[in-house]
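What follows is the content of model-v8.pdb, which has PDB, C-alpha atoms:
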ATOM      1  CA  MET L   3     120.802  36.572 -95.020
ATOM      2  CA  ILE L   4     120.106  36.565 -98.746
ATOM      3  CA  LEU L   5     118.093  33.354 -98.479
ATOM      4  CA  ALA L   6     116.061  34.709 -95.574
ATOM      5  CA  ALA L   7     115.237  37.852 -97.547
ATOM      6  CA  ALA L   8     114.148  35.833-100.572
ATOM      7  CA  LEU L   9     111.891  33.382 -98.729
ATOM      8  CA  PRO L  10     108.963  35.752 -98.007
ATOM      9  CA  MET L  11     108.795  36.675-101.691
ATOM     10  CA  ALA L  12     108.767  33.022-102.725
ATOM     11  CA  THR L  13     106.003  32.264-100.227
ATOM     12  CA  ALA L  14     103.899  35.205-101.414
ATOM     13  CA  HIS L  15     104.062  34.169-105.063
ATOM     14  CA  ALA L  16     104.366  30.363-104.885
ATOM     15  CA  ALA L  17     100.615  29.746-105.346
ATOM     16  CA  SER L  18     100.383  31.941-108.451
ATOM     17  CA  GLN L  19     103.438  30.920-110.463
ATOM     18  CA  SER L  20     101.501  28.516-112.701
ATOM     19  CA  ASP L  21      98.753  31.118-113.028
ATOM     20  CA  LEU L  22     101.392  33.605-114.174
ATOM     21  CA  SER L  23     102.617  31.232-116.865
ATOM     22  CA  ALA L  24      99.067  30.613-118.071
ATOM     23  CA  SER L  25      98.343  34.347-118.045
ATOM     24  CA  ILE L  26     101.496  35.094-120.049
ATOM     25  CA  THR L  27     100.491  32.498-122.630
ATOM     26  CA  GLU L  28      97.038  34.064-122.920
ATOM     27  CA  LEU L  29      98.486  37.581-123.152
ATOM     28  CA  ASN L  30     100.804  36.452-125.934
ATOM     29  CA  ASN L  31      97.766  35.059-127.745
ATOM     30  CA  GLN L  32      95.941  38.372-127.304
ATOM     31  CA  VAL L  33      98.935  40.348-128.595
ATOM     32  CA  THR L  34      99.087  38.068-131.648
ATOM     33  CA  LYS L  35      95.355  38.438-132.280
ATOM     34  CA  ALA L  36      95.612  42.223-131.992
ATOM     35  CA  ALA L  37      98.471  42.238-134.502
ATOM     36  CA  GLU L  38      96.397  40.115-136.880
ATOM     37  CA  GLN L  39      93.458  42.488-136.466
ATOM     38  CA  MET L  40      95.632  45.489-137.298
ATOM     39  CA  THR L  41      96.998  43.709-140.359
ATOM     40  CA  GLN L  42      93.456  43.045-141.550
ATOM     41  CA  ILE L  43      92.492  46.673-140.931
ATOM     42  CA  ASP L  44      95.584  47.886-142.801
ATOM     43  CA  ASN L  45      94.615  45.686-145.743
ATOM     44  CA  GLN L  46      91.104  47.135-145.719
ATOM     45  CA  ILE L  47      92.455  50.682-145.530
ATOM     46  CA  ASN L  48      94.771  49.946-148.471
ATOM     47  CA  GLN L  49      91.826  48.665-150.474
ATOM     48  CA  ILE L  50      89.785  51.767-149.660
ATOM     49  CA  ASN L  51      92.722  54.033-150.551
ATOM     50  CA  GLN L  52      92.850  52.339-153.956
ATOM     51  CA  LYS L  53      89.106  52.858-154.387
ATOM     52  CA  ILE L  54      89.461  56.509-153.379
ATOM     53  CA  SER L  55      92.264  56.956-155.910
ATOM     54  CA  ASN L  56      90.180  55.343-158.667
ATOM     55  CA  ASN L  57      87.155  57.387-157.675
ATOM     56  CA  GLU L  58      89.177  60.605-157.774
ATOM     57  CA  GLN L  59      90.167  59.798-161.344
ATOM     58  CA  THR L  60      86.510  59.152-162.220
ATOM     59  CA  LEU L  61      85.496  62.423-160.574
ATOM     60  CA  SER L  62      88.183  64.330-162.474
ATOM     61  CA  GLN L  63      87.008  62.831-165.776
ATOM     62  CA  THR L  64      83.361  63.509-164.916
ATOM     63  CA  GLU L  65      84.091  67.155-164.127
ATOM     64  CA  ALA L  66      85.918  67.467-167.455
ATOM     65  CA  ASP L  67      82.987  65.840-169.284
ATOM     66  CA  LEU L  68      80.538  68.185-167.563
ATOM     67  CA  LYS L  69      82.607  71.214-168.551
ATOM     68  CA  THR L  70      82.664  70.025-172.183
ATOM     69  CA  ALA L  71      78.923  69.300-172.215
ATOM     70  CA  LYS L  72      78.075  72.747-170.836
ATOM     71  CA  LYS L  73      80.416  74.377-173.340
ATOM     72  CA  ASN L  74      78.785  72.542-176.253
ATOM     73  CA  MET L  75      75.340  73.389-174.996
ATOM     74  CA  GLY L  76      76.300  77.073-174.699
ATOM     75  CA  GLU L  77      77.664  77.167-178.197
ATOM     76  CA  ARG L  78      74.551  75.557-179.601
ATOM     77  CA  ALA L  79      72.409  77.917-177.529
ATOM     78  CA  ARG L  80      74.073  80.839-179.266
ATOM     79  CA  VAL L  81      73.358  79.255-182.624
ATOM     80  CA  MET L  82      69.770  78.678-181.589
ATOM     81  CA  TYR L  83      69.506  82.319-180.592
ATOM     82  CA  MET L  84      70.596  83.261-184.092
ATOM     83  CA  PHE L  85      68.045  80.841-185.545
ATOM     84  CA  ASN L  86      65.293  82.285-183.379
ATOM     85  CA  THR L  87      65.960  85.810-184.615
ATOM     86  CA  ASP L  88      67.167  85.602-188.135
ATOM     87  CA  GLY L  89      68.829  82.349-189.027
ATOM     88  CA  PHE L  90      65.929  80.199-187.788
ATOM     89  CA  LEU L  91      63.413  82.166-189.883
ATOM     90  CA  SER L  92      65.760  82.022-192.845
ATOM     91  CA  ALA L  93      66.051  78.256-192.440
ATOM     92  CA  VAL L  94      62.249  77.932-192.337
ATOM     93  CA  PHE L  95      61.448  80.296-195.164
ATOM     94  CA  SER L  96      64.261  78.988-197.328
ATOM     95  CA  SER L  97      62.807  75.514-197.122
ATOM     96  CA  LYS L  98      61.309  74.204-200.334
ATOM     97  CA  ASN L  99      58.152  73.086-198.603
ATOM     98  CA  LEU L 100      56.406  72.861-195.241
ATOM     99  CA  THR L 101      57.711  69.361-194.596
ATOM    100  CA  GLU L 102      61.323  70.479-194.940
ATOM    101  CA  ALA L 103      60.692  73.476-192.672
ATOM    102  CA  LEU L 104      59.151  71.285-189.953
ATOM    103  CA  THR L 105      61.997  68.798-190.233
ATOM    104  CA  LYS L 106      64.609  71.510-189.698
ATOM    105  CA  ALA L 107      62.695  72.893-186.729
ATOM    106  CA  ALA L 108      62.433  69.400-185.189
ATOM    107  CA  GLN L 109      66.154  68.788-185.676
ATOM    108  CA  ILE L 110      67.047  72.048-183.954
ATOM    109  CA  LYS L 111      64.734  71.205-181.038
ATOM    110  CA  ALA L 112      66.157  67.664-180.776
ATOM    111  CA  VAL L 113      69.747  68.973-180.604
ATOM    112  CA  ASN L 114      68.816  71.364-177.819
ATOM    113  CA  SER L 115      66.999  68.632-175.887
ATOM    114  CA  ALA L 116      69.928  66.246-176.275
ATOM    115  CA  ASP L 117      72.337  68.854-174.952
ATOM    116  CA  GLN L 118      70.198  69.443-171.893
ATOM    117  CA  LYS L 119      69.877  65.687-171.271
ATOM    118  CA  THR L 120      73.649  65.200-171.601
ATOM    119  CA  VAL L 121      74.361  67.939-169.084
ATOM    120  CA  ALA L 122      71.757  66.542-166.676
ATOM    121  CA  ASN L 123      73.223  63.020-166.911
ATOM    122  CA  VAL L 124      76.777  64.221-166.344
ATOM    123  CA  GLU L 125      75.674  66.337-163.364
ATOM    124  CA  LYS L 126      73.906  63.277-161.899
ATOM    125  CA  LEU L 127      77.034  61.156-162.374
ATOM    126  CA  GLU L 128      79.177  63.837-160.749
ATOM    127  CA  SER L 129      76.847  63.889-157.744
ATOM    128  CA  GLN L 130      77.047  60.086-157.434
ATOM    129  CA  VAL L 131      80.841  60.073-157.647
ATOM    130  CA  LYS L 132      81.090  62.769-154.955
ATOM    131  CA  ALA L 133      78.721  60.760-152.714
ATOM    132  CA  THR L 134      80.883  57.645-153.215
ATOM    133  CA  GLN L 135      83.986  59.635-152.342
ATOM    134  CA  ALA L 136      82.396  60.899-149.130
ATOM    135  CA  ASP L 137      81.344  57.343-148.179
ATOM    136  CA  LEU L 138      84.846  55.958-148.823
ATOM    137  CA  ASN L 139      86.426  58.684-146.717
ATOM    138  CA  ALA L 140      83.969  57.914-143.905
ATOM    139  CA  GLN L 141      84.861  54.190-144.088
ATOM    140  CA  LYS L 142      88.561  55.021-143.975
ATOM    141  CA  GLN L 143      88.064  57.247-140.931
ATOM    142  CA  GLN L 144      86.099  54.504-139.159
ATOM    143  CA  LEU L 145      88.805  51.917-139.875
ATOM    144  CA  SER L 146      91.518  54.297-138.675
ATOM    145  CA  GLU L 147      89.652  54.786-135.386
ATOM    146  CA  GLU L 148      89.180  51.026-135.040
ATOM    147  CA  LYS L 149      92.881  50.439-135.655
ATOM    148  CA  GLN L 150      93.760  52.987-132.972
ATOM    149  CA  LYS L 151      91.561  51.156-130.450
ATOM    150  CA  VAL L 152      93.175  47.811-131.287
ATOM    151  CA  GLN L 153      96.617  49.424-130.997
ATOM    152  CA  GLU L 154      95.720  50.743-127.545
ATOM    153  CA  GLN L 155      94.540  47.248-126.521
ATOM    154  CA  GLN L 156      97.765  45.732-127.777
ATOM    155  CA  ASN L 157      99.799  48.311-125.851
ATOM    156  CA  THR L 158      97.880  47.386-122.701
ATOM    157  CA  TYR L 159      98.535  43.678-123.302
ATOM    158  CA  ASN L 160     102.237  44.322-123.900
ATOM    159  CA  GLN L 161     102.528  46.401-120.732
ATOM    160  CA  LYS L 162     100.883  43.702-118.625
ATOM    161  CA  LEU L 163     102.939  41.036-120.390
ATOM    162  CA  ALA L 164     106.168  42.843-119.526
ATOM    163  CA  GLU L 165     105.107  43.104-115.868
ATOM    164  CA  GLU L 166     104.230  39.411-115.592
ATOM    165  CA  GLN L 167     107.381  38.316-117.404
ATOM    166  CA  LYS L 168     109.398  40.253-114.828
ATOM    167  CA  GLN L 169     107.569  38.380-112.073
ATOM    168  CA  LEU L 170     108.288  35.069-113.794
ATOM    169  CA  GLU L 171     111.953  36.035-114.145
ATOM    170  CA  ALA L 172     111.954  36.724-110.430
ATOM    171  CA  TYR L 173     110.726  33.157-109.884
ATOM    172  CA  ALA L 174     113.564  31.851-112.024
ATOM    173  CA  ALA L 175     116.074  33.847-109.971
ATOM    174  CA  GLN L 176     114.562  32.475-106.748
ATOM    175  CA  ASN L 177     114.651  28.937-108.112
ATOM    176  CA  THR L 178     118.313  29.374-109.038
ATOM    177  CA  SER L 179     119.116  30.673-105.562
ATOM    178  CA  SER L 180     117.190  27.953-103.708
ATOM    179  CA  ALA L 181     118.704  25.212-105.860
ATOM    180  CA  ALA L 182     122.287  26.535-105.746
ATOM    181  CA  SER L 183     123.580  23.372-104.135
ATOM    182  CA  THR L 184     122.062  21.097-106.767
ATOM    183  CA  THR L 185     122.729  22.943-110.019
ATOM    184  CA  SER L 186     125.949  21.229-110.959
ATOM    185  CA  GLY L 187     124.578  18.047-112.497
ATOM    186  CA  SER L 188     125.959  16.502-115.648
ATOM    187  CA  THR L 189     124.650  17.721-118.978
ATOM    188  CA  ALA L 190     123.325  15.947-122.070
ATOM    189  CA  ASP L 191     121.969  17.214-125.368
ATOM    190  CA  PRO L 192     118.435  15.778-125.792
ATOM    191  CA  GLY L 193     118.771  16.118-129.572
ATOM    192  CA  ASP L 194     115.775  14.923-131.583
ATOM    193  CA  GLN L 195     114.380  13.229-128.463
ATOM    194  CA  LEU L 196     113.542  16.568-126.818
ATOM    195  CA  ASP L 197     109.851  16.408-127.725
ATOM    196  CA  PHE L 198     109.510  12.855-126.352
ATOM    197  CA  ILE L 199     111.263  13.746-123.099
ATOM    198  CA  CYS L 200     109.132  16.879-122.647
ATOM    199  CA  ALA L 201     105.961  14.891-123.334
ATOM    200  CA  VAL L 202     106.770  12.319-120.623
ATOM    201  CA  VAL L 203     107.780  15.047-118.161
ATOM    202  CA  ALA L 204     104.534  16.930-118.905
ATOM    203  CA  ALA L 205     102.521  13.758-118.327
ATOM    204  CA  GLU L 206     104.243  13.366-114.956
ATOM    205  CA  CYS L 207     103.802  17.036-113.952
ATOM    206  CA  ASN L 208     102.946  20.111-116.056
ATOM    207  CA  SER L 209     101.433  22.390-113.439
ATOM    208  CA  SER L 210     104.536  24.581-113.092
ATOM    209  CA  TYR L 211     108.171  25.054-114.037
ATOM    210  CA  ASP L 212     109.222  23.804-110.573
ATOM    211  CA  GLY L 213     107.199  20.601-110.957
ATOM    212  CA  ALA L 214     108.613  19.874-114.408
ATOM    213  CA  LEU L 215     112.146  20.592-113.197
ATOM    214  CA  ALA L 216     111.620  18.201-110.281
ATOM    215  CA  VAL L 217     110.634  15.415-112.702
ATOM    216  CA  ILE L 218     113.531  15.861-115.134
ATOM    217  CA  SER L 219     115.944  16.312-112.207
ATOM    218  CA  CYS L 220     114.824  12.911-110.918
ATOM    219  CA  VAL L 221     115.371  11.422-114.384
ATOM    220  CA  MET L 222     118.874  12.865-114.750
ATOM    221  CA  ASN L 223     119.788  11.841-111.185
ATOM    222  CA  ARG L 224     118.890   8.273-112.201
ATOM    223  CA  VAL L 225     120.975   8.623-115.364
ATOM    224  CA  ASP L 226     123.956   9.737-113.272
ATOM    225  CA  SER L 227     123.526   6.803-110.879
ATOM    226  CA  GLY L 228     123.538   4.241-113.687
ATOM    227  CA  LYS L 229     121.238   1.953-111.685
ATOM    228  CA  TRP L 230     117.891   2.653-113.345
ATOM    229  CA  GLY L 231     118.006   0.887-116.666
ATOM    230  CA  GLY L 232     119.943   3.262-118.885
ATOM    231  CA  LYS L 233     122.711   5.759-119.374
ATOM    232  CA  ASP L 234     120.554   8.488-120.944
ATOM    233  CA  ALA L 235     117.208  10.144-120.243
ATOM    234  CA  VAL L 236     115.259   8.244-122.906
ATOM    235  CA  SER L 237     116.496   4.857-121.692
ATOM    236  CA  VAL L 238     115.592   5.677-118.101
ATOM    237  CA  LEU L 239     112.142   6.970-119.047
ATOM    238  CA  LYS L 240     111.417   3.807-121.054
ATOM    239  CA  ALA L 241     112.885   1.378-118.520
ATOM    240  CA  PRO L 242     110.382  -1.184-117.127
ATOM    241  CA  GLY L 243     108.698  -0.413-113.840
ATOM    242  CA  GLN L 244     109.688   3.238-113.617
ATOM    243  CA  PHE L 245     107.703   6.126-115.148
ATOM    244  CA  ALA L 246     103.992   5.370-115.492
ATOM    245  CA  ALA L 247     103.578   8.407-117.740
ATOM    246  CA  TYR L 248     105.456   6.461-120.421
ATOM    247  CA  LEU L 249     104.475   2.903-119.510
ATOM    248  CA  ASP L 250     100.727   3.634-119.379
ATOM    249  CA  GLY L 251     100.812   5.900-122.432
ATOM    250  CA  PRO L 252      99.437   9.271-121.228
ATOM    251  CA  TYR L 253     102.565  11.014-122.559
ATOM    252  CA  LYS L 254     101.276  10.531-126.125
ATOM    253  CA  LYS L 255      98.740  13.343-125.844
ATOM    254  CA  TYR L 256     101.586  15.795-125.176
ATOM    255  CA  LEU L 257     103.696  14.828-128.184
ATOM    256  CA  GLY L 258     104.196  17.432-130.881
ATOM    257  CA  GLY L 259     104.825  20.313-128.486
ATOM    258  CA  LYS L 260     101.449  20.050-126.708
ATOM    259  CA  TYR L 261     102.909  21.035-123.353
ATOM    260  CA  PRO L 262     103.550  24.392-121.635
ATOM    261  CA  ASP L 263     106.676  26.288-122.685
ATOM    262  CA  TYR L 264     108.018  26.151-119.144
ATOM    263  CA  VAL L 265     108.090  22.331-119.297
ATOM    264  CA  LYS L 266     110.417  22.517-122.296
ATOM    265  CA  GLN L 267     112.462  25.207-120.554
ATOM    266  CA  ALA L 268     112.807  23.053-117.444
ATOM    267  CA  VAL L 269     114.029  20.078-119.520
ATOM    268  CA  ILE L 270     116.571  22.231-121.380
ATOM    269  CA  ASP L 271     117.755  23.932-118.180
ATOM    270  CA  CYS L 272     118.310  20.558-116.562
ATOM    271  CA  MET L 273     119.750  18.551-119.441
ATOM    272  CA  GLN L 274     121.789  21.218-121.203
ATOM    273  CA  GLY L 275     122.365  23.634-118.336
ATOM    274  CA  GLY L 276     122.974  21.057-115.611
ATOM    275  CA  LYS L 277     120.308  22.583-113.366
ATOM    276  CA  ARG L 278     118.849  20.226-110.740
ATOM    277  CA  SER L 279     116.225  21.221-108.197
ATOM    278  CA  HIS L 280     116.954  18.257-105.902
ATOM    279  CA  PRO L 281     119.370  15.329-105.546
ATOM    280  CA  TYR L 282     116.671  12.611-105.255
ATOM    281  CA  GLN L 283     116.176   9.569-107.458
ATOM    282  CA  SER L 284     112.739   8.443-106.303
ATOM    283  CA  PHE L 285     109.283   9.810-105.588
ATOM    284  CA  ARG L 286     106.087   8.564-104.015
ATOM    285  CA  ALA L 287     102.511   9.704-103.485
ATOM    286  CA  GLY L 288     101.747  11.839-100.470
ATOM    287  CA  SER L 289     102.734  15.435 -99.815
ATOM    288  CA  SER L 290     104.070  14.576 -96.357
ATOM    289  CA  TYR L 291     106.937  12.635 -97.884
ATOM    290  CA  GLY L 292     109.861  14.715 -99.110
ATOM    291  CA  VAL L 293     109.861  18.387-100.076
ATOM    292  CA  TRP L 294     109.382  18.530-103.877
ATOM    293  CA  ASN L 295     105.642  18.124-104.289
ATOM    294  CA  CYS L 296     103.985  17.862-107.692
ATOM    295  CA  GLY L 297     100.326  16.891-107.864
ATOM    296  CA  GLY L 298     100.648  14.750-104.751
ATOM    297  CA  ASN L 299     104.028  13.211-105.699
ATOM    298  CA  SER L 300     106.982  14.079-103.483
ATOM    299  CA  TYR L 301     110.570  13.396-104.539
ATOM    300  CA  ARG L 302     113.190  11.958-102.212
TER     301      ARG L 302
END
Rewritten as structure tokens:
Amino acid sequence: MILAAALPMATAHAASQSDLSASITELNNQVTKAAEQMTQIDNQINQINQKISNNEQTLSQTEADLKTAKKNMGERARVMYMFNTDGFLSAVFSSKNLTEALTKAAQIKAVNSADQKTVANVEKLESQVKATQADLNAQKQQLSEEKQKVQEQQNTYNQKLAEEQKQLEAYAAQNTSSAASTTSGSTADPGDQLDFICAVVAAECNSSYDGALAVISCVMNRVDSGKWGGKDAVSVLKAPGQFAAYLDGPYKKYLGGKYPDYVKQAVIDCMQGGKRSHPYQSFRAGSSYGVWNCGGNSYR
């Protein structure tokens, strides 16, 4: 009864299992990219915060300088007022000659002009610093909004990823149920040969977890039989006249982990977990032969 209930689900999803695995890989890539984007945005925000802090210090100093300049100008203005009424005339008439009087008048005028220029320059600098501060705050706001959008995208990716991983876990449960009679094979630690074994298996079939499991199950069934040129997976894979994926060399392009994660998982499940998807030791071309089809190869 349990098997009958599980079969419709397996039929409904069988055609999309490899698509699910590919989609999960892509979603993981998108989640990683989103995280990298947010890290970059955080770095930019940190840089802008530092600029804002520095600019605030500049603004504070500029405001203090402006206050001092206006104070000095006011004090000199009061002195000038005194010169214009009494002190100024006294300075002129007390001069020994016209040249000295003109010199004193020019000096007084120059001081007043310099004060006004100093105040004007400080006011201009203050205006520029305030404009810079406003621009930095606007940049920070824009980056914060951009980060929020990326965060929302990442949340969407994670939600979809969780849904598809549940579907893939359902496949694994179905595979365990359907292979219950053949999951008690012997085990063997692939050790440092794991990458080589996965590469050959991927070259034989990498379209799905089921296909990869069918290949490694065939290999381990041959190991158990002791009639196929070796007592371990590597020896069997390298034995003459057996696996074309090794003999003809196409496995080399998969070395270094260049195969889907589910291929590696299938190899580990079979070799270390004893999971076998079939009891067969041979395969041949043609989907009408046997029941474990992988790219036109059926195991028997």
**Study point:** Expected selection from the PyMOL selection byres ((chain L and resi 251) around 12), given as a list in words
**Key:**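 Applied to this file, the PyMOL selection byres ((chain L and resi 251) around 12) selects Phe198, Ala201, Val202, Ala205, Glu206, Leu239, Lys240, Phe245, Ala246, Ala247, Tyr248, Leu249, Asp250, Pro252, Tyr253, Lys254, Lys255, Tyr256 and Leu257 of chain L.
Of the residues listed (L:Ile43, L:Val238, L:Ile54, L:Leu68), L:Leu68 shows the shortest atom-to-atom separation from Asn123 in chain L; distances use all atoms listed in the file.
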Check your understanding: Could you name the residues that touch Tyr159 in chain L at 7 Å or less, counting only C-alpha atoms, but leaving out those on the same chain fewer than 3 positions away, as an NGL selection string?
Key -> :L and (29 or 33 or 155-156 or 162-163)
Point to revise | Within-12 Å shell of (117.9, 6.5, -121.7) in input frame, all atoms listed in the file, as JSON, numbers by chain | key: {"L": [190, 192, 195, 198, 199, 221, 222, 223, 224, 225, 226, 228, 229, 230, 231, 232, 233, 234, 235, 236, 237, 238, 239, 240, 241, 242, 244]}
Point to revise | Closest of L:Ser284, L:Asn51, L:Thr41, L:Ser210 to Gln143 in chain L - atom-to-atom distances counting all atoms listed in the file | key: L:Asn51
Practice item. Go through L:Asp212, L:Asp197, L:Glu166, L:Asp137 and flag the residue nearest Lys266 in chain L, using all atoms listed in the file for the distances. Key: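 Using all atoms listed in the file, Lys266 in chain L sits closest to L:Asp197.
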Check your understanding: What does the distance between CA of Asn57 in chain L and CA of Lys132 in chain L come to in Å, to one decimal place?
Key ->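 That distance, rounded to one decimal, is 8.6 Å.
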Practice item. Enumerate, as a VMD selection string, the protein, DNA and RNA residues whose atoms approach (93.4, 48.5, -132.7) to within 10 Å, taking into account only C-alpha atoms and the coordinate frame of the file. Key: chain L and resid 36 to 41 43 145 to 157
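Computed from the coordinates, the CA of Thr134 in chain L to CA of Gln59 in chain L distance equals 12.5 Å.
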Practice item. Between CA of Ser62 in chain L and CA of Val131 in chain L, measure the distance and give it in Å to one decimal. Key: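 Computing the Euclidean distance for CA of Ser62 in chain L and CA of Val131 in chain L yields 9.8 Å.
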Exercise on range 119-128 of chain L, axis-aligned box with 4 Å per side, report centre and edge lengths in Å to one decimal, as JSON:
{"center_x": 74.5, "center_y": 64.5, "center_z": -166.2, "size_x": 17.3, "size_y": 14.8, "size_z": 18.9}
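With only C-alpha atoms as the atoms that count, the residue of L:Gln118, L:Ser129, L:Ser188, L:Ser279 with the shortest distance to Thr64 in chain L is L:Ser129.
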Exercise for review: Find the spatial neighbours of Ile26 in chain L, counting all atoms listed in the file, within a cut-off of 12 Å - ignore same-chain residues fewer than 6 positions away - and output them as a ChimeraX atom specification.
Suggested key: /L:19-20,32-33,159-170,262-264
Selected residues written out with C-alpha atoms, as an mmCIF file, in the coordinates of the input:
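Just written: out-v4.cif:
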data_model
loop_
_atom_site.group_PDB
_atom_site.id
_atom_site.type_symbol
_atom_site.label_atom_id
_atom_site.label_comp_id
_atom_site.auth_asym_id
_atom_site.auth_seq_id
_atom_site.Cartn_x
_atom_site.Cartn_y
_atom_site.Cartn_z
ATOM 1 C CA GLN L 19 103.438 30.920 -110.463
ATOM 2 C CA SER L 20 101.501 28.516 -112.701
ATOM 3 C CA GLN L 32 95.941 38.372 -127.304
ATOM 4 C CA VAL L 33 98.935 40.348 -128.595
ATOM 5 C CA TYR L 159 98.535 43.678 -123.302
ATOM 6 C CA ASN L 160 102.237 44.322 -123.900
ATOM 7 C CA GLN L 161 102.528 46.401 -120.732
ATOM 8 C CA LYS L 162 100.883 43.702 -118.625
ATOM 9 C CA LEU L 163 102.939 41.036 -120.390
ATOM 10 C CA ALA L 164 106.168 42.843 -119.526
ATOM 11 C CA GLU L 165 105.107 43.104 -115.868
ATOM 12 C CA GLU L 166 104.230 39.411 -115.592
ATOM 13 C CA GLN L 167 107.381 38.316 -117.404
ATOM 14 C CA LYS L 168 109.398 40.253 -114.828
ATOM 15 C CA GLN L 169 107.569 38.380 -112.073
ATOM 16 C CA LEU L 170 108.288 35.069 -113.794
ATOM 17 C CA PRO L 262 103.550 24.392 -121.635
ATOM 18 C CA ASP L 263 106.676 26.288 -122.685
ATOM 19 C CA TYR L 264 108.018 26.151 -119.144
#
